[in-house]
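Below is one structure, written out as structure tokens; the observations come after it.
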Amino acid sequence: MAPPARSPGTGGTLAYYRLYLLSGPNGRFIGFEEIHAADDAEATLVAERHRGPQPLELWCGTRRVKTFPAQEAD
């Protein structure tokens with residue numbers, strides 16, 4: 001796992017999260033985005049911006065924080 005990042009201007013540390021892109025509802029991980037956030041709530045807000053036609057899972061180390069189902073096309 002990457003070392004904690006520093007929060008700009010506050011001196012606080014940020015937690016390291018990974019947002020995994022899945023191939024389907026029960027699929028495999030096919031990619032990920034790294035997220036550095038102060039807490040689960042902030043990481044979840046960042047992850048929401050990545051939602052689309054494939055399901056996502058947000059993890060912090062070995063802890064699954066949230067699962068995002070695929071969004072249907074409008």
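Quick note on naming: the chains in the structure tokens go A, B, ... in the order shown, residues restart at 1 in each chain, and ligands are numbered from 1 in order of appearance.
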Report task. Please give the complete set of residues from chain A that DSSP, run on the backbone, assigns to strand (DSSP E or B), formatted as a ChimeraX atom specification. Result -> /A:5-6,13-22,29-37,56-60,63-68
Report task. Compile the contact shell of Pro69 (chain A) as a list in words: residues with an atom at most 10 Å away, counting only C-alpha atoms, same-chain residues fewer than 4 positions apart removed. Result ->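 Result of the neighbour search: Leu22, Gly24, Pro25, Arg51, Gly52, Pro53, Gln54, Pro55, Leu56 and Glu57 of chain A.
Residues with any atom within 9 Å of Gly61 (chain A), counting only C-alpha atoms and excluding same-chain neighbours fewer than 3 positions away, are Met1, Tyr16, Tyr17, Arg18 and Arg64 of chain A.
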Would you mind exporting C-alpha atoms of the selected residues as a CSV table (one decimal), in the first residue's frame?
```
chain,number,residue,atom,x,y,z
A,1,MET,CA,0.0,0.0,0.0
A,16,TYR,CA,-5.2,5.7,0.2
A,17,TYR,CA,-8.2,4.2,-1.6
A,18,ARG,CA,-8.6,2.2,-4.8
A,64,ARG,CA,-14.5,-2.7,1.0
```
Query raised in the report: as a ChimeraX atom specification, which residues of chain A does DSSP assign to alpha helix (DSSP H)?
Result: /A:40-48
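In this comparison, which uses only C-alpha atoms, the residue of A:Val65, A:Leu21, A:Ile30, A:Ala70 approaching Ala43 (chain A) most closely is A:Val65.
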Requested in this report: Enter the distance from CA of His36 (chain A) to CA of Gly12 (chain A), in Å, rounded to one decimal.
Outcome: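 Pair CA of His36 (chain A) / CA of Gly12 (chain A) returns 11.9 Å.
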Query - Residue with smallest distance to Glu42 (chain A) - pool A:Asn26, A:Glu72, A:Ala15, A:Tyr20, counting only C-alpha atoms - result: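 When distances to Glu42 (chain A) are compared using only C-alpha atoms, the smallest one comes from A:Ala15.
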Query raised in the report: Can you tell me how far CA of Leu45 (chain A) sits from CA of Gly27 (chain A), in Å to one decimal?
Result: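 Atom-to-atom, CA of Leu45 (chain A) to CA of Gly27 (chain A), that is 23.4 Å.
Minimum distance to His50 (chain A) across A:Phe29, A:Thr13, A:Gln71, A:Ala38 (counting only C-alpha atoms) occurs at A:Gln71.
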Query raised in the report: Which one of A:Trp59, A:Arg49, A:Leu14, A:Ser23 sits closest to Ala37 (chain A) if you count only C-alpha atoms?
Result: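 Using only C-alpha atoms, Ala37 (chain A) sits closest to A:Leu14.
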Requested in this report: To one decimal in Å, tell me the separation between CA of Val46 (chain A) and CA of Thr62 (chain A).
Outcome: 19.1 Å
